[in-house]
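Q: I'd like to ask you about the structure that follows.
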Amino acid sequence: MFDTILIANRGEIACRVIDTCRRLGVRTVAVHSDVDATARHVDMADVAVSLGGAAPADSYLRGDAIIAAAQATGAQAIHPGYGFLSENPDFVDAVEAAGLVFIGPSARAIRAMGLKDAAKALMSQAGVPVVPGYQGAEQSPDMLATEAEEIGYPVLIKAVAGGGGKGMRLVEAPTAFADALASAQSEAQTAFGNSHVLIEKYITSPRHIEVQVFGDGERAVHLFERDCSLQRRHQKVIEEAPAPGMTPEMRAAMGQAAVRAAEAIGYKGAGTVEFIVDGSDGLRPDGFWFMEMNTRLQVEHPVTEAITGVDLVEWQLRVASGESLPCAQEDLTITGHSFEARLYAEDVPAGFLPATGRLAHLAFPAEARADTGVRTGDVISPHYDPMIAKVIVHGSSRAVALRKLRRALAETQVAGTVTNLAFLGALARHDGFSNGEVDTGLIGRDLEALTAVQAPAPAAMAQAVMALTGLDHAPGPLDGFALWQPLAQDVTVEAAGDMLACRIVTRAPGTVDVAVQDAVVAACFGANGWRFDGQPAFALHVEGASATVFGDPTLVVTRIDPLDVEAGAGASGALVEAPMPGLVRQVYVAAGDAVSKGQRLAVLEAMKMEHSLLAARDGVVAEVMAEAGAQVEAGAALIRLEEEDET
Ligand code: ADP
């Protein structure tokens, strides 16, 4: 076993790897960018080395600097985590040339799986079923159209160098083929510098089922399947193991195919073979096809760990340090069922926009495994993936595990940023999902119901209002009491975008009525603190004028100072605000400029995309509050137009 390893990554996966290293007594070296200098993974490691600027190209992608850091700190091996350099064969070559061990497969194995067409051809030779289609070198449009006819519509055009769904087009009928091909090719050329495509049969009702494999360079075993069909725009949202409806025959067939795939390329370490499965008619041993192999540890590996009891990172370290496979196929068994939900800082009602913010409070229930790279007080910055944590549960059956997932999500507490927690909760309660009827289209079909904003529960609202007025402490004998009548206090709050008038009436110490608009909640103080309409209080976090009540869903209520409400600035179209956190790239106007409706006033860069900010109406610029180059938070006022009667 190694004495010291370097983890070339950040966030939850770096912390995850360090956890196992600690358990094995292995010393750890963290690397970090400037903005991550005090990150959790840095604190957890024994040694930390700074790499440079926040942008990945200036830090986590600097292979040479990472190798130098390993050499300077006496590390014998580098764990790449996932993303960043994990599937870069040139980095693997460089690590080995420096006399270090790359904890993962050989550069040759990574290259073999790097392009979709070559990988499909290789798998087909190894006897692994691949999606019927054309993956040849000849790329003339006429010839590709003929191939598409032969495969039979609908077909999928895929960039051979593709990833993240880029350069992929679904074509329903021959008349649409030429245009779809041209746009897939040009997108692929721009994104990957390679316009080659392959064409395959489009599987209707597709399920994404992948098999965890593990090799020692010669032999491989599989650790069963994971179902990752709950996807939004090809991004996995909730994963589970085993797959609902899986039969022993199909599991054996998929497992054997995955092991063949791994052994065909002399695979070493943890890998995932992804299959597309036709779910239209139950699961059948002849109804799955190879899609691609991910030559690294996968984000969703914890569900496999939960059902097999294997620590995959421990296996990675043991095999990389020269041991052979820790166990044989027959020693591996499935116990119970596991789910993983990906908790993100994102604004779901705004279309799942990535969000940022300081995590004023972060807590997970003790019954769940929470893999996270952040703590209370840490910042979700715009520089990296906005994942906060993975919440993982395990139960004796799917039904038990699903109940535990619902409960774990309900008890997860995040204040300081918007999250997708309510969306995950709605998914966990979805009828089809509960019945195991999953396919990759489920979220898209039911998106409206899954993202519907629930009206705040009156009891939670009342609790927030009491907290924001400082009345949620144990009442003193004379609290809020006047001789001639109960004392009333009026406040205005904002919740879920609505302004709400509230009135708190203290009838006796410890007996309070809280009216939010027309709903009245009775608050009573007893031995266990305040109860609202008889229900115990939720956990709560107050920061400044905002209270976050950790009910299900989480509720954020902000007290509004009536003097601060600028008369209808937003409604009159006078204020241009940042729709998401980002970098102001350009500001095109200055105070005094006349602008017309729809005119581009500024450009905000967020999550590698540029967003034009347009004038909502004709008018004159009164004030420009942000300059080019400024980093701004969501909702920051950038430009104000003169009020219409001012002009
Ligand atoms: P990328 O590498 O760009 O992510 P993949 O080949 O992994 O592309 O496919 C991404 C997703 O697209 C899959 O998870 C699946 O939901 C869908 N998909 C891929 N191939 C097919 C197919 N032949 N039929 C139907 N859906 C497919």
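Following the order of the structure tokens, first chain is A, next is B, and so on, with residues numbered from 1 inside each chain and ligands from 1 in the order they appear.
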Using only C-alpha atoms, determine which residues lie at most 10 Å from Asp518 of chain A, disregarding the query and same-chain residues fewer than 5 positions distant; provide the list as a CSV table (one decimal) with C-alpha atoms, in the first residue's frame.
A:
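Generated file (out_35.csv):
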chain,number,residue,atom,x,y,z
A,500,LEU,CA,-47.5,39.0,2.8
A,501,ALA,CA,-49.1,41.2,5.5
A,502,CYS,CA,-48.8,39.5,8.9
A,503,ARG,CA,-50.2,40.4,12.3
Q: Dump as a tab-separated table the rows for residues of segment 228-259 of chain A within 10 Å of segment 123-132 of chain A: closest atom pair and distance in Å with one decimal, only C-alpha atoms counted, ordered by chain and rising residue number.
A:
residue	atom	partner	partner_atom	distance
A:Ala253	CA	A:Val128	CA	9.8
A:Met254	CA	A:Val128	CA	9.0
A:Gln256	CA	A:Val128	CA	8.8
A:Ala257	CA	A:Val128	CA	5.3
A:Ala258	CA	A:Val128	CA	7.6
A:Val259	CA	A:Val128	CA	9.5
Q: May I have a table of the residues of chain A lying at most 9 Å from ligand 1, giving each one's closest pair of atoms and their distance in Å to one decimal, counting only C-alpha atoms and all ligand atoms, ordered by chain and ascending residue number, as a tab-separated table?
A:
residue	atom	partner	partner_atom_place_in_ligand_line	distance
A:Lys116	CA	ligand 1	6 (O)	7.7
A:Val131	CA	ligand 1	23 (N)	6.1
A:Pro132	CA	ligand 1	23 (N)	8.3
A:Gly133	CA	ligand 1	23 (N)	8.8
A:Pro154	CA	ligand 1	24 (N)	9.0
A:Val155	CA	ligand 1	23 (N)	7.4
A:Leu156	CA	ligand 1	23 (N)	6.0
A:Ile157	CA	ligand 1	23 (N)	8.8
A:Lys158	CA	ligand 1	6 (O)	7.3
A:Ala159	CA	ligand 1	3 (O)	7.8
A:Val160	CA	ligand 1	2 (O)	8.8
A:Ala161	CA	ligand 1	2 (O)	8.1
A:Gly162	CA	ligand 1	3 (O)	4.8
A:Gly163	CA	ligand 1	3 (O)	3.3
A:Gly164	CA	ligand 1	4 (O)	3.9
A:Gly165	CA	ligand 1	3 (O)	3.2
A:Lys166	CA	ligand 1	3 (O)	5.4
A:Gly167	CA	ligand 1	3 (O)	7.3
A:Met168	CA	ligand 1	3 (O)	6.8
A:Leu170	CA	ligand 1	25 (C)	8.4
A:Ile199	CA	ligand 1	23 (N)	8.6
A:Glu200	CA	ligand 1	23 (N)	5.7
A:Lys201	CA	ligand 1	23 (N)	5.2
A:Tyr202	CA	ligand 1	24 (N)	3.7
A:Ile203	CA	ligand 1	24 (N)	3.7
A:Thr204	CA	ligand 1	25 (C)	6.0
A:Ser205	CA	ligand 1	25 (C)	7.6
A:Pro206	CA	ligand 1	25 (C)	5.5
A:Arg207	CA	ligand 1	16 (O)	6.9
A:His208	CA	ligand 1	14 (O)	5.5
A:Ile209	CA	ligand 1	14 (O)	8.7
A:Cys228	CA	ligand 1	14 (O)	7.9
A:Ser229	CA	ligand 1	16 (O)	7.1
A:Gln231	CA	ligand 1	16 (O)	7.3
A:Arg233	CA	ligand 1	16 (O)	8.3
A:His234	CA	ligand 1	11 (C)	5.2
A:Gln235	CA	ligand 1	14 (O)	7.9
A:Lys236	CA	ligand 1	14 (O)	8.3
A:Glu274	CA	ligand 1	7 (O)	7.5
A:Phe275	CA	ligand 1	14 (O)	8.3
A:Ile276	CA	ligand 1	21 (C)	6.4
A:Val277	CA	ligand 1	24 (N)	8.5
A:Asp278	CA	ligand 1	25 (C)	8.5
A:Trp289	CA	ligand 1	23 (N)	8.4
A:Met291	CA	ligand 1	6 (O)	5.4
A:Glu292	CA	ligand 1	7 (O)	6.2
A:Met293	CA	ligand 1	7 (O)	8.8
A:Asp439	CA	ligand 1	16 (O)	8.4
A:Thr440	CA	ligand 1	16 (O)	5.4
A:Gly441	CA	ligand 1	16 (O)	8.1
Q: Compile the contact shell of Gly52 of chain A as a list in words: residues with an atom at most 6 Å away, counting only C-alpha atoms, same-chain residues fewer than 6 positions apart removed.
A: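 These residues fall inside the cut-off: Ser33, Asp34, Asp58 and Ser59 of chain A.
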Q: Could the residues in this selection be written to a file with N, CA and C atoms, as a JSON list (two decimals), in the first residue's frame?
A:
[["chain", "number", "residue", "atom", "x", "y", "z"],
["A", 33, "SER", "N", -7.16, 25.42, -5.75],
["A", 33, "SER", "CA", -7.07, 26.71, -6.43],
["A", 33, "SER", "C", -7.13, 27.81, -5.37],
["A", 34, "ASP", "N", -6.90, 29.04, -5.78],
["A", 34, "ASP", "CA", -6.92, 30.16, -4.82],
["A", 34, "ASP", "C", -8.23, 30.22, -4.05],
["A", 58, "ASP", "N", -6.24, 27.07, -14.81],
["A", 58, "ASP", "CA", -5.15, 27.64, -14.02],
["A", 58, "ASP", "C", -4.82, 26.83, -12.77],
["A", 59, "SER", "N", -5.60, 25.77, -12.53],
["A", 59, "SER", "CA", -5.36, 25.02, -11.29],
["A", 59, "SER", "C", -5.56, 23.52, -11.50]]
Q: Return the single residue from A:Leu442, A:Thr190, A:Glu218, A:Leu487 that is closest to Glu323 of chain A, with distances computed using only C-alpha atoms.
A: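 Comparing A:Leu442, A:Thr190, A:Glu218, A:Leu487 against Glu323 of chain A, the winner is A:Glu218.
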Q: I'd like the neighbourhood of Ala594 of chain A as a count of residues only, where a residue qualifies if any of its atoms comes within 12 Å (using only C-alpha atoms), though same-chain residues fewer than 3 positions away should be ignored.
A: 18
Q: List as a ChimeraX atom specification the protein and nucleic acid residues near segment 401-410 of chain A, meaning an atom at most 9 Å away when only C-alpha atoms are counted, but skip any in the same chain fewer than 2 places from it.
A: /A:336-341,364-368,391-399,412-413,421-422,424-426,428-429,434,550-554
Q: With a distance cut-off of 10 Å and only C-alpha atoms, select the neighbouring residues of Asp347 of chain A, excluding the residue or stretch itself and same-chain residues fewer than 4 positions from it, and output the selection as a PyMOL selection string.
A: chain A and resi 351-356+417-420+580
Q: When you look at Arg226 of chain A with a cut-off of 7 Å (counting only C-alpha atoms), what residues show up, excluding the ones that are within fewer than 4 positions of it in the same chain? I need them as a PDB file with N, CA, C and O atoms, in the first residue's frame.
A:
ATOM      1  N   ILE A 209     -28.972   1.936 -17.771  1.00  0.00           N
ATOM      2  CA  ILE A 209     -28.517   1.012 -16.727  1.00  0.00           C
ATOM      3  C   ILE A 209     -27.032   0.774 -16.962  1.00  0.00           C
ATOM      4  O   ILE A 209     -26.616   0.467 -18.084  1.00  0.00           O
ATOM      5  N   GLU A 210     -26.249   0.949 -15.941  1.00  0.00           N
ATOM      6  CA  GLU A 210     -24.797   0.821 -16.092  1.00  0.00           C
ATOM      7  C   GLU A 210     -24.275  -0.222 -15.114  1.00  0.00           C
ATOM      8  O   GLU A 210     -24.889  -0.484 -14.080  1.00  0.00           O
ATOM      9  N   VAL A 211     -23.154  -0.812 -15.489  1.00  0.00           N
ATOM     10  CA  VAL A 211     -22.582  -1.864 -14.649  1.00  0.00           C
ATOM     11  C   VAL A 211     -21.236  -1.392 -14.108  1.00  0.00           C
ATOM     12  O   VAL A 211     -20.395  -0.895 -14.861  1.00  0.00           O
ATOM     13  N   GLU A 239     -30.023   8.235  -8.595  1.00  0.00           N
ATOM     14  CA  GLU A 239     -29.568   6.936  -9.079  1.00  0.00           C
ATOM     15  C   GLU A 239     -29.914   5.879  -8.039  1.00  0.00           C
ATOM     16  O   GLU A 239     -30.065   6.194  -6.863  1.00  0.00           O
ATOM     17  N   GLU A 240     -30.001   4.637  -8.487  1.00  0.00           N
ATOM     18  CA  GLU A 240     -30.311   3.577  -7.539  1.00  0.00           C
ATOM     19  C   GLU A 240     -29.641   2.267  -7.940  1.00  0.00           C
ATOM     20  O   GLU A 240     -29.255   2.061  -9.089  1.00  0.00           O
ATOM     21  N   ALA A 241     -29.508   1.403  -6.962  1.00  0.00           N
ATOM     22  CA  ALA A 241     -29.010   0.049  -7.211  1.00  0.00           C
ATOM     23  C   ALA A 241     -29.713  -0.884  -6.230  1.00  0.00           C
ATOM     24  O   ALA A 241     -29.916  -0.515  -5.088  1.00  0.00           O
ATOM     25  N   PRO A 242     -30.135  -2.062  -6.665  1.00  0.00           N
ATOM     26  CA  PRO A 242     -30.113  -2.531  -8.051  1.00  0.00           C
ATOM     27  C   PRO A 242     -31.186  -1.839  -8.900  1.00  0.00           C
ATOM     28  O   PRO A 242     -31.926  -1.002  -8.396  1.00  0.00           O
ATOM     29  N   ALA A 243     -31.261  -2.197 -10.199  1.00  0.00           N
ATOM     30  CA  ALA A 243     -32.246  -1.586 -11.090  1.00  0.00           C
ATOM     31  C   ALA A 243     -33.610  -2.208 -10.834  1.00  0.00           C
ATOM     32  O   ALA A 243     -33.723  -3.431 -10.716  1.00  0.00           O
TER      33      ALA A 243
END
Q: Taking into account only C-alpha atoms, which residue in the set A:Val26, A:Ala578, A:Ala488, A:Leu427 is nearest to Ala452 of chain A?
A: A:Leu427
Q: Mind the document's chain letters and residue numbers, and return as a VMD selection string the residues of segment 376-523 of chain A that DSSP labels alpha helix (DSSP H).
A: chain A and resid 398 to 410 421 to 429 431 to 434 442 to 445 447 to 451 458 to 468
Q: Keeping only N, CA and C atoms, write the selected residues as a tab-separated table (two decimals), in the first residue's frame.
A:
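Listing of selection_23.tsv after writing:
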chain	number	residue	atom	x	y	z
A	398	ARG	N	-36.49	-1.93	-1.80
A	398	ARG	CA	-36.62	-0.65	-2.51
A	398	ARG	C	-37.60	0.25	-1.78
A	399	ALA	N	-38.71	-0.33	-1.30
A	399	ALA	CA	-39.72	0.49	-0.64
A	399	ALA	C	-39.16	1.13	0.63
A	400	VAL	N	-38.41	0.35	1.39
A	400	VAL	CA	-37.83	0.90	2.63
A	400	VAL	C	-36.81	1.98	2.29
A	401	ALA	N	-35.96	1.70	1.31
A	401	ALA	CA	-34.93	2.68	0.93
A	401	ALA	C	-35.57	3.97	0.43
A	402	LEU	N	-36.67	3.84	-0.31
A	402	LEU	CA	-37.32	5.04	-0.85
A	402	LEU	C	-37.93	5.87	0.29
A	403	ARG	N	-38.53	5.19	1.27
A	403	ARG	CA	-39.04	5.94	2.43
A	403	ARG	C	-37.90	6.67	3.13
A	404	LYS	N	-36.77	5.99	3.26
A	404	LYS	CA	-35.63	6.62	3.92
A	404	LYS	C	-35.10	7.81	3.11
A	405	LEU	N	-35.18	7.68	1.78
A	405	LEU	CA	-34.74	8.79	0.93
A	405	LEU	C	-35.64	10.02	1.16
A	406	ARG	N	-36.95	9.77	1.17
A	406	ARG	CA	-37.89	10.89	1.37
A	406	ARG	C	-37.60	11.58	2.70
A	407	ARG	N	-37.39	10.77	3.71
A	407	ARG	CA	-37.15	11.32	5.03
A	407	ARG	C	-35.81	12.06	5.08
A	408	ALA	N	-34.80	11.47	4.48
A	408	ALA	CA	-33.47	12.11	4.50
A	408	ALA	C	-33.53	13.46	3.78
A	409	LEU	N	-34.27	13.52	2.67
A	409	LEU	CA	-34.36	14.79	1.94
A	409	LEU	C	-35.13	15.80	2.77
A	410	ALA	N	-36.20	15.34	3.44
A	410	ALA	CA	-37.00	16.25	4.26
A	410	ALA	C	-36.17	16.79	5.43
A	421	LEU	N	-33.71	20.87	-3.52
A	421	LEU	CA	-34.21	19.92	-2.52
A	421	LEU	C	-35.70	19.60	-2.70
A	422	ALA	N	-36.51	20.62	-2.95
A	422	ALA	CA	-37.95	20.38	-3.10
A	422	ALA	C	-38.21	19.53	-4.35
A	423	PHE	N	-37.44	19.77	-5.41
A	423	PHE	CA	-37.57	18.98	-6.65
A	423	PHE	C	-37.21	17.52	-6.38
A	424	LEU	N	-36.12	17.30	-5.65
A	424	LEU	CA	-35.73	15.93	-5.31
A	424	LEU	C	-36.81	15.26	-4.48
A	425	GLY	N	-37.38	16.02	-3.54
A	425	GLY	CA	-38.46	15.49	-2.69
A	425	GLY	C	-39.66	15.10	-3.52
A	426	ALA	N	-40.02	15.96	-4.49
A	426	ALA	CA	-41.17	15.67	-5.36
A	426	ALA	C	-40.89	14.42	-6.20
A	427	LEU	N	-39.66	14.29	-6.67
A	427	LEU	CA	-39.30	13.09	-7.45
A	427	LEU	C	-39.42	11.84	-6.58
A	428	ALA	N	-38.93	11.93	-5.36
A	428	ALA	CA	-38.96	10.77	-4.46
A	428	ALA	C	-40.39	10.35	-4.12
A	429	ARG	N	-41.33	11.28	-4.31
A	429	ARG	CA	-42.75	10.95	-4.04
A	429	ARG	C	-43.52	10.63	-5.32
A	431	ASP	N	-45.32	8.98	-8.28
A	431	ASP	CA	-45.95	7.65	-8.29
A	431	ASP	C	-45.22	6.66	-9.18
A	432	GLY	N	-44.94	7.08	-10.43
A	432	GLY	CA	-44.27	6.17	-11.37
A	432	GLY	C	-42.92	5.73	-10.83
A	433	PHE	N	-42.15	6.69	-10.32
A	433	PHE	CA	-40.84	6.37	-9.76
A	433	PHE	C	-40.99	5.43	-8.57
A	434	SER	N	-41.99	5.72	-7.73
A	434	SER	CA	-42.21	4.87	-6.56
A	434	SER	C	-42.50	3.43	-6.97
A	442	LEU	N	-38.94	10.35	-17.97
A	442	LEU	CA	-39.88	10.58	-16.87
A	442	LEU	C	-39.88	12.02	-16.38
A	443	ILE	N	-38.70	12.56	-16.11
A	443	ILE	CA	-38.63	13.92	-15.55
A	443	ILE	C	-39.18	14.92	-16.56
A	444	GLY	N	-38.79	14.78	-17.82
A	444	GLY	CA	-39.26	15.72	-18.84
A	444	GLY	C	-40.77	15.72	-18.97
A	445	ARG	N	-41.37	14.54	-18.93
A	445	ARG	CA	-42.83	14.44	-19.08
A	445	ARG	C	-43.56	15.12	-17.93
A	447	LEU	N	-42.35	17.37	-15.73
A	447	LEU	CA	-41.56	18.46	-15.19
A	447	LEU	C	-42.41	19.49	-14.45
A	448	GLU	N	-43.56	19.80	-15.04
A	448	GLU	CA	-44.37	20.86	-14.44
A	448	GLU	C	-44.80	20.51	-13.01
A	449	ALA	N	-45.29	19.28	-12.85
A	449	ALA	CA	-45.72	18.86	-11.51
A	449	ALA	C	-44.52	18.76	-10.56
A	450	LEU	N	-43.40	18.28	-11.09
A	450	LEU	CA	-42.23	18.08	-10.23
A	450	LEU	C	-41.60	19.39	-9.77
A	451	THR	N	-41.83	20.46	-10.54
A	451	THR	CA	-41.20	21.73	-10.18
A	451	THR	C	-42.20	22.75	-9.65
A	458	PRO	N	-48.88	27.07	6.50
A	458	PRO	CA	-49.16	28.17	7.44
A	458	PRO	C	-48.33	28.07	8.72
A	459	ALA	N	-48.18	26.85	9.26
A	459	ALA	CA	-47.44	26.71	10.51
A	459	ALA	C	-45.98	27.15	10.34
A	460	ALA	N	-45.38	26.79	9.21
A	460	ALA	CA	-43.99	27.18	8.97
A	460	ALA	C	-43.88	28.68	8.77
A	461	MET	N	-44.88	29.27	8.08
A	461	MET	CA	-44.89	30.72	7.89
A	461	MET	C	-44.97	31.42	9.24
A	462	ALA	N	-45.88	30.92	10.09
A	462	ALA	CA	-46.08	31.55	11.39
A	462	ALA	C	-44.80	31.48	12.22
A	463	GLN	N	-44.13	30.34	12.15
A	463	GLN	CA	-42.89	30.18	12.90
A	463	GLN	C	-41.84	31.19	12.42
A	464	ALA	N	-41.75	31.36	11.10
A	464	ALA	CA	-40.78	32.31	10.55
A	464	ALA	C	-41.10	33.73	10.99
A	465	VAL	N	-42.37	34.07	10.95
A	465	VAL	CA	-42.78	35.43	11.32
A	465	VAL	C	-42.46	35.71	12.79
A	466	MET	N	-42.71	34.73	13.65
A	466	MET	CA	-42.38	34.88	15.08
A	466	MET	C	-40.87	35.08	15.25
A	467	ALA	N	-40.09	34.29	14.51
A	467	ALA	CA	-38.63	34.38	14.65
A	467	ALA	C	-38.13	35.73	14.17
A	468	LEU	N	-38.72	36.23	13.08
A	468	LEU	CA	-38.24	37.50	12.51
A	468	LEU	C	-38.64	38.70	13.35
Q: For the atom pair atom CA of Tyr60 of chain A and atom CA of Asn9 of chain A, what is the interatomic distance in Å to one decimal place?
A: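 Atom CA of Asn9 of chain A lies 6.5 Å from atom CA of Tyr60 of chain A.
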Q: I need the residues in segment 223-345 of chain A that are strand (DSSP E) according to DSSP; give them as a short mmCIF file (atom, residue, chain, number, x, y, z; two decimals) with N, CA and C atoms, in the first residue's frame.
A:
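Full text of result-v3.cif as output:
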data_model
loop_
_atom_site.label_atom_id
_atom_site.label_comp_id
_atom_site.auth_asym_id
_atom_site.auth_seq_id
_atom_site.Cartn_x
_atom_site.Cartn_y
_atom_site.Cartn_z
N LEU A 223 -19.69 -5.38 -10.18
CA LEU A 223 -20.37 -5.19 -8.89
C LEU A 223 -21.82 -4.78 -9.15
N PHE A 224 -22.43 -5.48 -10.09
CA PHE A 224 -23.86 -5.33 -10.39
C PHE A 224 -24.15 -3.97 -11.05
N GLU A 225 -25.46 -3.69 -11.15
CA GLU A 225 -25.87 -2.54 -11.96
C GLU A 225 -26.36 -1.37 -11.11
N ARG A 226 -26.40 -0.22 -11.77
CA ARG A 226 -27.06 0.96 -11.21
C ARG A 226 -28.05 1.44 -12.27
N ASP A 227 -29.20 1.89 -11.82
CA ASP A 227 -30.16 2.48 -12.75
C ASP A 227 -30.07 3.99 -12.63
N CYS A 228 -29.74 4.64 -13.74
CA CYS A 228 -29.59 6.11 -13.72
C CYS A 228 -30.57 6.71 -14.71
N SER A 229 -31.77 6.17 -14.77
CA SER A 229 -32.73 6.64 -15.77
C SER A 229 -33.35 7.98 -15.41
N LEU A 230 -33.31 8.34 -14.14
CA LEU A 230 -33.91 9.63 -13.77
C LEU A 230 -32.92 10.73 -14.15
N GLN A 231 -33.13 11.26 -15.36
CA GLN A 231 -32.21 12.25 -15.89
C GLN A 231 -32.98 13.49 -16.31
N ARG A 232 -32.31 14.63 -16.20
CA ARG A 232 -32.85 15.86 -16.76
C ARG A 232 -31.83 16.36 -17.76
N GLN A 235 -28.59 14.70 -17.67
CA GLN A 235 -27.85 14.77 -16.40
C GLN A 235 -28.58 13.90 -15.39
N LYS A 236 -27.81 13.04 -14.70
CA LYS A 236 -28.43 12.15 -13.72
C LYS A 236 -28.88 12.94 -12.49
N VAL A 237 -30.03 12.57 -11.95
CA VAL A 237 -30.59 13.31 -10.81
C VAL A 237 -30.68 12.41 -9.57
N ILE A 238 -31.33 11.25 -9.73
CA ILE A 238 -31.37 10.26 -8.65
C ILE A 238 -30.94 8.92 -9.26
N GLU A 239 -30.02 8.23 -8.59
CA GLU A 239 -29.57 6.94 -9.08
C GLU A 239 -29.91 5.88 -8.04
N GLU A 240 -30.00 4.64 -8.49
CA GLU A 240 -30.31 3.58 -7.54
C GLU A 240 -29.64 2.27 -7.94
N ALA A 241 -29.51 1.40 -6.96
CA ALA A 241 -29.01 0.05 -7.21
C ALA A 241 -29.71 -0.88 -6.23
N LYS A 268 -7.81 -1.77 -15.61
CA LYS A 268 -7.31 -1.79 -14.23
C LYS A 268 -8.03 -0.70 -13.43
N GLY A 269 -8.61 -1.08 -12.30
CA GLY A 269 -9.27 -0.09 -11.45
C GLY A 269 -10.78 -0.12 -11.62
N ALA A 270 -11.43 0.97 -11.16
CA ALA A 270 -12.89 1.05 -11.19
C ALA A 270 -13.33 1.67 -12.50
N GLY A 271 -14.34 1.08 -13.12
CA GLY A 271 -14.87 1.63 -14.36
C GLY A 271 -16.36 1.34 -14.45
N THR A 272 -17.00 2.02 -15.39
CA THR A 272 -18.44 1.82 -15.55
C THR A 272 -18.75 1.58 -17.01
N VAL A 273 -19.49 0.52 -17.28
CA VAL A 273 -19.93 0.27 -18.64
C VAL A 273 -21.40 0.67 -18.71
N GLU A 274 -21.67 1.67 -19.56
CA GLU A 274 -23.04 2.20 -19.65
C GLU A 274 -23.79 1.51 -20.77
N PHE A 275 -24.99 1.08 -20.45
CA PHE A 275 -25.84 0.44 -21.46
C PHE A 275 -27.14 1.22 -21.60
N ILE A 276 -27.68 1.20 -22.80
CA ILE A 276 -29.03 1.70 -22.99
C ILE A 276 -29.91 0.46 -23.06
N VAL A 277 -31.05 0.56 -22.39
CA VAL A 277 -31.92 -0.60 -22.25
C VAL A 277 -33.29 -0.24 -22.78
N ASP A 278 -33.88 -1.14 -23.53
CA ASP A 278 -35.23 -0.91 -24.02
C ASP A 278 -36.20 -1.30 -22.91
N PHE A 288 -30.42 -5.02 -24.16
CA PHE A 288 -29.50 -3.97 -23.70
C PHE A 288 -28.33 -3.84 -24.66
N TRP A 289 -27.82 -2.61 -24.80
CA TRP A 289 -26.75 -2.34 -25.76
C TRP A 289 -25.72 -1.40 -25.17
N PHE A 290 -24.46 -1.67 -25.47
CA PHE A 290 -23.35 -0.84 -24.99
C PHE A 290 -23.48 0.59 -25.51
N MET A 291 -23.31 1.55 -24.63
CA MET A 291 -23.25 2.96 -25.06
C MET A 291 -21.84 3.49 -24.96
N GLU A 292 -21.27 3.44 -23.75
CA GLU A 292 -19.90 3.89 -23.60
C GLU A 292 -19.34 3.39 -22.28
N MET A 293 -18.00 3.49 -22.15
CA MET A 293 -17.39 3.11 -20.88
C MET A 293 -16.74 4.34 -20.27
N ASN A 294 -17.03 4.58 -19.00
CA ASN A 294 -16.37 5.66 -18.27
C ASN A 294 -15.22 5.07 -17.49
N HIS A 337 -31.25 -2.30 -0.98
CA HIS A 337 -31.44 -1.35 -2.08
C HIS A 337 -30.91 0.01 -1.66
N SER A 338 -30.40 0.76 -2.62
CA SER A 338 -29.82 2.07 -2.28
C SER A 338 -30.20 3.13 -3.29
N PHE A 339 -30.37 4.35 -2.81
CA PHE A 339 -30.62 5.52 -3.67
C PHE A 339 -29.59 6.59 -3.38
N GLU A 340 -29.29 7.36 -4.42
CA GLU A 340 -28.46 8.56 -4.24
C GLU A 340 -29.18 9.73 -4.90
N ALA A 341 -29.30 10.84 -4.19
CA ALA A 341 -29.89 12.05 -4.78
C ALA A 341 -28.82 13.13 -4.82
N ARG A 342 -28.76 13.84 -5.94
CA ARG A 342 -27.74 14.89 -6.09
C ARG A 342 -28.31 16.24 -5.70
N LEU A 343 -27.80 16.76 -4.61
CA LEU A 343 -28.28 18.05 -4.10
C LEU A 343 -27.44 19.17 -4.70
N TYR A 344 -28.11 20.08 -5.42
CA TYR A 344 -27.41 21.18 -6.10
C TYR A 344 -27.88 22.53 -5.59
#
Q: Check the smallest atom-to-atom distance from each of A:His41, A:Asp179, A:Thr295, A:Ala72 to Glu87 of chain A using only C-alpha atoms, then report the winner.
A: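 Counting only C-alpha atoms, the residue closest to Glu87 of chain A is A:Thr295.
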